[in-house]
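Colleague: Sending over a structure as structure tokens; questions will come in a sec.
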Amino acid sequence: IIFGNLLENALEACWKLPQEQRYIILEATYIKEMLQICIKNSSPENPKKDNSGKFLTTKEDTGWHGIGLASVEQALADYDGELFTQHEDGEFRASVVLYGNSIGEK
């Protein structure tokens with residue numbers, strides 16, 4: 001769920017750009033009982049946010065879309081993980097942290 005939704009979001013953002021501007025960088029490390037995942041991708045526009053600061057879908061059919069980051073957050077909640085998102089200078093970054101004690105228990 002975590003990898004799938006984050007990568008799908010990154011791909012969809014990149015498709016909106018000319019080919020020479022597209023990139024996705026995936027980094028995953030496991031250090032001191034923590035799994036850290038960071039996905040950085042080019043992004044054509046400043047994503048829309050709701051009043052609480054959560055990113056909203058850019059697709060027209062919001063009834064069937066816009067649950068990717070929510071799905072990631074729910075999966076992380078099940079494992080006491082955290083999601084950090086940032087958009088700056090045409091780049092979107094999603095960082096995930098899963099703590100070792102929660103990974104082994106589930």
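Each chain in the structure tokens gets a letter, A, B and so on, in the order shown; residues start at 1 in every chain, and ligands are counted from 1 in the order they appear.
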Skipping near chain neighbours, those fewer than 5 positions away, what residues fall within 12 Å of range 18-20 of chain A using only C-alpha atoms, listed as a PyMOL selection string?
Modeller: chain A and resi 11+13+42-44
Colleague: What's around range 21-28 of chain A at 8 Å? Count only C-alpha atoms, leave out sequence neighbours fewer than 6 positions away in its own chain, and write the answer as a PyMOL selection string.
Modeller: chain A and resi 10-11+14-15+35-42
Colleague: Let me make sure I understand: among A:Ile31, A:Ala94, A:Leu17, A:Ala75, which one has the smallest atom-to-atom distance to Glu45 in chain A if we use only C-alpha atoms?
Modeller: A:Leu17
Colleague: For Asn46 in chain A, which residue out of A:Glu73, A:Glu82, A:Asp89, A:Glu12 is the nearest one, using only C-alpha atoms?
Modeller: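 Of the candidates, the smallest distance to Asn46 in chain A is held by A:Asp89.
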Colleague: Nearest residue to Leu76 in chain A out of A:Thr29, A:Lys16, A:Val97, A:Asn5, using only C-alpha atoms?
Modeller: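 Residue with the minimum atom-to-atom distance to Leu76 in chain A: A:Val97.
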Colleague: Out of A:Ala77, A:Leu98, A:Leu69, A:Leu83, which residue has the shortest atom-to-atom distance to Gly4 in chain A when counting only C-alpha atoms?
Modeller: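 That would be A:Leu69, the residue with the smallest distance to Gly4 in chain A.
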